[in-house]
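Chemist: Below are the structure tokens for one structure; questions will follow.
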Amino acid sequence: MNRKWMMIISMVVLLALGVTAVALASNLREEAASRKLIDIVRASTEQYRNVATAEADGYGLFHGCVSGAQEGAMGIHMVNGDLVGDGALDATRPEALLYESKDGRMSLLGVEYVVIAEAWDAAHDAPPVLEGQLFNFVGSPNRYGIPAFYELHVWAWRSNTAGLFADFNPKVSCRDYTAAGHH
């Protein structure tokens, strides 16, 4: 009887180790994909840490500083309308840059990829995915006054305890934002 129980316990331990190894491998693949997108965002937006450079490249203030019922905020959206309207996604060319105004300075926090749903759906059979990250769908009408769209936030320059791809960041505030002095 002891031998039978030892075999059962050994099989359970081996099974548990196998399941753990599979889960760990899956997490490592997801982490590597997330890290790749963060690296792409940082490399392609480094120059936009200076908001004047972003404005010179066609990004403009859109709806001021976005906060909501959730803890934190999305921040100040600087949007390139040409990129939003092109119906395409390119990891190196985000449609929106996210900033926070604090002590008179604008700090780059991350980006938001945006594609109008109608344009995307007309050319694709599934919602957008960028470097393994599935976009969120935002229907219309919405608080931004634009048609239904897909979006993905990437907090590449400011850590986010809610997650790298969460919409709102508890560490971001609109408290110091003033429309007149967004620089």
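Ordering of the structure tokens sets the chain letters (A, B, ...), residue numbers begin anew at 1 in every chain, and ligands are numbered from 1 in the order given.
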Please extract the residues of chain A with a backbone DSSP assignment of strand (DSSP E or B) and present them as an NGL selection string.

Modeler: :A and (60-67 or 73-79 or 96-102 or 105-116 or 129-130 or 133-134 or 136-138 or 149-154 or 169)

Chemist: Kindly export the residues of the current selection with N, CA and C atoms, as a compact mmCIF listing (two decimals), in the first residue's frame.

Modeler:
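The new file again.txt reads:
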```txt
# COMPACT_ATOMS: atom_id res chain seq x y z
N GLY A 60 -1.30 67.08 -32.43
CA GLY A 60 -1.96 68.23 -31.83
C GLY A 60 -2.83 67.82 -30.66
N LEU A 61 -3.10 68.77 -29.80
CA LEU A 61 -3.92 68.52 -28.61
C LEU A 61 -5.30 68.03 -29.01
N PHE A 62 -5.75 66.96 -28.36
CA PHE A 62 -7.07 66.38 -28.63
C PHE A 62 -7.77 66.12 -27.31
N HIS A 63 -8.83 66.84 -27.04
CA HIS A 63 -9.67 66.67 -25.84
C HIS A 63 -8.93 66.87 -24.53
N GLY A 64 -7.87 67.60 -24.52
CA GLY A 64 -7.20 67.93 -23.27
C GLY A 64 -6.69 66.72 -22.51
N CYS A 65 -6.83 66.76 -21.19
CA CYS A 65 -6.36 65.68 -20.33
C CYS A 65 -7.53 64.76 -20.00
N VAL A 66 -7.37 63.48 -20.24
CA VAL A 66 -8.46 62.52 -20.07
C VAL A 66 -8.32 61.80 -18.74
N SER A 67 -9.36 61.94 -17.93
CA SER A 67 -9.45 61.19 -16.68
C SER A 67 -10.84 60.57 -16.64
N ALA A 73 -5.48 58.54 -14.60
CA ALA A 73 -5.89 59.20 -15.84
C ALA A 73 -5.17 58.56 -17.02
N MET A 74 -5.60 58.95 -18.22
CA MET A 74 -4.88 58.57 -19.44
C MET A 74 -3.83 59.63 -19.74
N GLY A 75 -4.11 60.86 -19.35
CA GLY A 75 -3.19 61.95 -19.60
C GLY A 75 -3.65 62.83 -20.75
N ILE A 76 -2.74 63.66 -21.21
CA ILE A 76 -2.99 64.61 -22.29
C ILE A 76 -2.69 63.89 -23.61
N HIS A 77 -3.67 63.89 -24.49
CA HIS A 77 -3.52 63.22 -25.78
C HIS A 77 -3.10 64.22 -26.85
N MET A 78 -1.96 63.93 -27.46
CA MET A 78 -1.51 64.66 -28.64
C MET A 78 -1.69 63.69 -29.79
N VAL A 79 -2.59 64.02 -30.72
CA VAL A 79 -3.02 63.07 -31.75
C VAL A 79 -2.59 63.54 -33.14
N ALA A 96 -1.42 58.45 -31.26
CA ALA A 96 -1.49 59.42 -30.16
C ALA A 96 -0.32 59.25 -29.22
N LEU A 97 0.15 60.38 -28.70
CA LEU A 97 1.19 60.41 -27.68
C LEU A 97 0.52 60.87 -26.39
N LEU A 98 0.88 60.26 -25.27
CA LEU A 98 0.28 60.58 -23.98
C LEU A 98 1.27 61.33 -23.11
N TYR A 99 0.83 62.46 -22.58
CA TYR A 99 1.69 63.31 -21.75
C TYR A 99 1.00 63.62 -20.42
N GLU A 100 1.82 64.04 -19.47
CA GLU A 100 1.31 64.58 -18.21
C GLU A 100 1.99 65.92 -17.97
N SER A 101 1.19 66.90 -17.56
CA SER A 101 1.72 68.21 -17.23
C SER A 101 1.94 68.27 -15.72
N LYS A 102 3.16 68.58 -15.34
CA LYS A 102 3.48 68.68 -13.92
C LYS A 102 4.58 69.71 -13.74
N ARG A 105 5.98 71.35 -16.84
CA ARG A 105 6.67 70.52 -17.84
C ARG A 105 5.74 69.43 -18.35
N MET A 106 5.90 69.11 -19.62
CA MET A 106 5.16 68.01 -20.23
C MET A 106 6.07 66.78 -20.26
N SER A 107 5.60 65.68 -19.67
CA SER A 107 6.38 64.44 -19.66
C SER A 107 5.66 63.39 -20.50
N LEU A 108 6.40 62.77 -21.41
CA LEU A 108 5.86 61.70 -22.24
C LEU A 108 5.67 60.46 -21.37
N LEU A 109 4.45 59.90 -21.44
CA LEU A 109 4.10 58.73 -20.62
C LEU A 109 4.05 57.44 -21.43
N GLY A 110 3.52 57.56 -22.64
CA GLY A 110 3.31 56.39 -23.48
C GLY A 110 2.61 56.80 -24.75
N VAL A 111 1.96 55.82 -25.37
CA VAL A 111 1.28 56.07 -26.63
C VAL A 111 -0.07 55.38 -26.63
N GLU A 112 -0.88 55.77 -27.60
CA GLU A 112 -2.13 55.07 -27.86
C GLU A 112 -2.21 54.84 -29.36
N TYR A 113 -2.42 53.59 -29.72
CA TYR A 113 -2.66 53.23 -31.12
C TYR A 113 -4.16 53.26 -31.32
N VAL A 114 -4.60 53.89 -32.41
CA VAL A 114 -6.02 54.05 -32.69
C VAL A 114 -6.27 53.80 -34.16
N VAL A 115 -7.32 53.03 -34.44
CA VAL A 115 -7.75 52.84 -35.83
C VAL A 115 -9.28 52.84 -35.83
N ILE A 116 -9.86 53.58 -36.76
CA ILE A 116 -11.32 53.64 -36.88
C ILE A 116 -11.82 52.24 -37.26
N VAL A 129 -4.36 43.38 -33.73
CA VAL A 129 -3.40 42.88 -32.75
C VAL A 129 -2.05 43.45 -33.16
N LEU A 130 -1.33 43.99 -32.19
CA LEU A 130 -0.02 44.58 -32.48
C LEU A 130 1.00 43.93 -31.55
N GLN A 133 -0.58 42.01 -28.81
CA GLN A 133 -1.52 42.70 -27.93
C GLN A 133 -2.82 43.01 -28.68
N LEU A 134 -3.93 42.47 -28.17
CA LEU A 134 -5.24 42.67 -28.76
C LEU A 134 -5.77 44.05 -28.39
N ASN A 136 -8.63 47.09 -27.78
CA ASN A 136 -9.95 47.24 -27.19
C ASN A 136 -10.85 47.93 -28.21
N PHE A 137 -12.14 47.59 -28.19
CA PHE A 137 -13.13 48.23 -29.05
C PHE A 137 -13.85 49.29 -28.25
N VAL A 138 -14.00 50.49 -28.82
CA VAL A 138 -14.77 51.58 -28.22
C VAL A 138 -15.87 51.95 -29.21
N PHE A 149 -14.03 52.86 -32.68
CA PHE A 149 -12.62 52.65 -32.98
C PHE A 149 -12.03 51.53 -32.11
N TYR A 150 -10.86 51.06 -32.53
CA TYR A 150 -10.06 50.13 -31.74
C TYR A 150 -8.89 50.92 -31.17
N GLU A 151 -8.49 50.59 -29.95
CA GLU A 151 -7.38 51.31 -29.32
C GLU A 151 -6.55 50.40 -28.45
N LEU A 152 -5.28 50.79 -28.29
CA LEU A 152 -4.35 50.09 -27.41
C LEU A 152 -3.40 51.11 -26.81
N HIS A 153 -3.40 51.19 -25.49
CA HIS A 153 -2.46 52.05 -24.77
C HIS A 153 -1.19 51.25 -24.48
N VAL A 154 -0.05 51.92 -24.54
CA VAL A 154 1.22 51.30 -24.19
C VAL A 154 1.97 52.29 -23.29
N ASN A 169 -3.97 54.98 -15.89
CA ASN A 169 -2.78 54.76 -15.09
C ASN A 169 -2.96 55.46 -13.74
```

Chemist: Based on DSSP run over this structure's backbone, return all residues of range 29-159 of chain A in helix (DSSP H, G or I), as a PyMOL selection string.

Modeler: chain A and resi 29-49+51-56+81-84+117-123

Chemist: So how many Å separate CA of Phe168 in chain A and CA of Glu71 in chain A, to one decimal?

Modeler: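 Separation between CA of Phe168 in chain A and CA of Glu71 in chain A: 7.3 Å.
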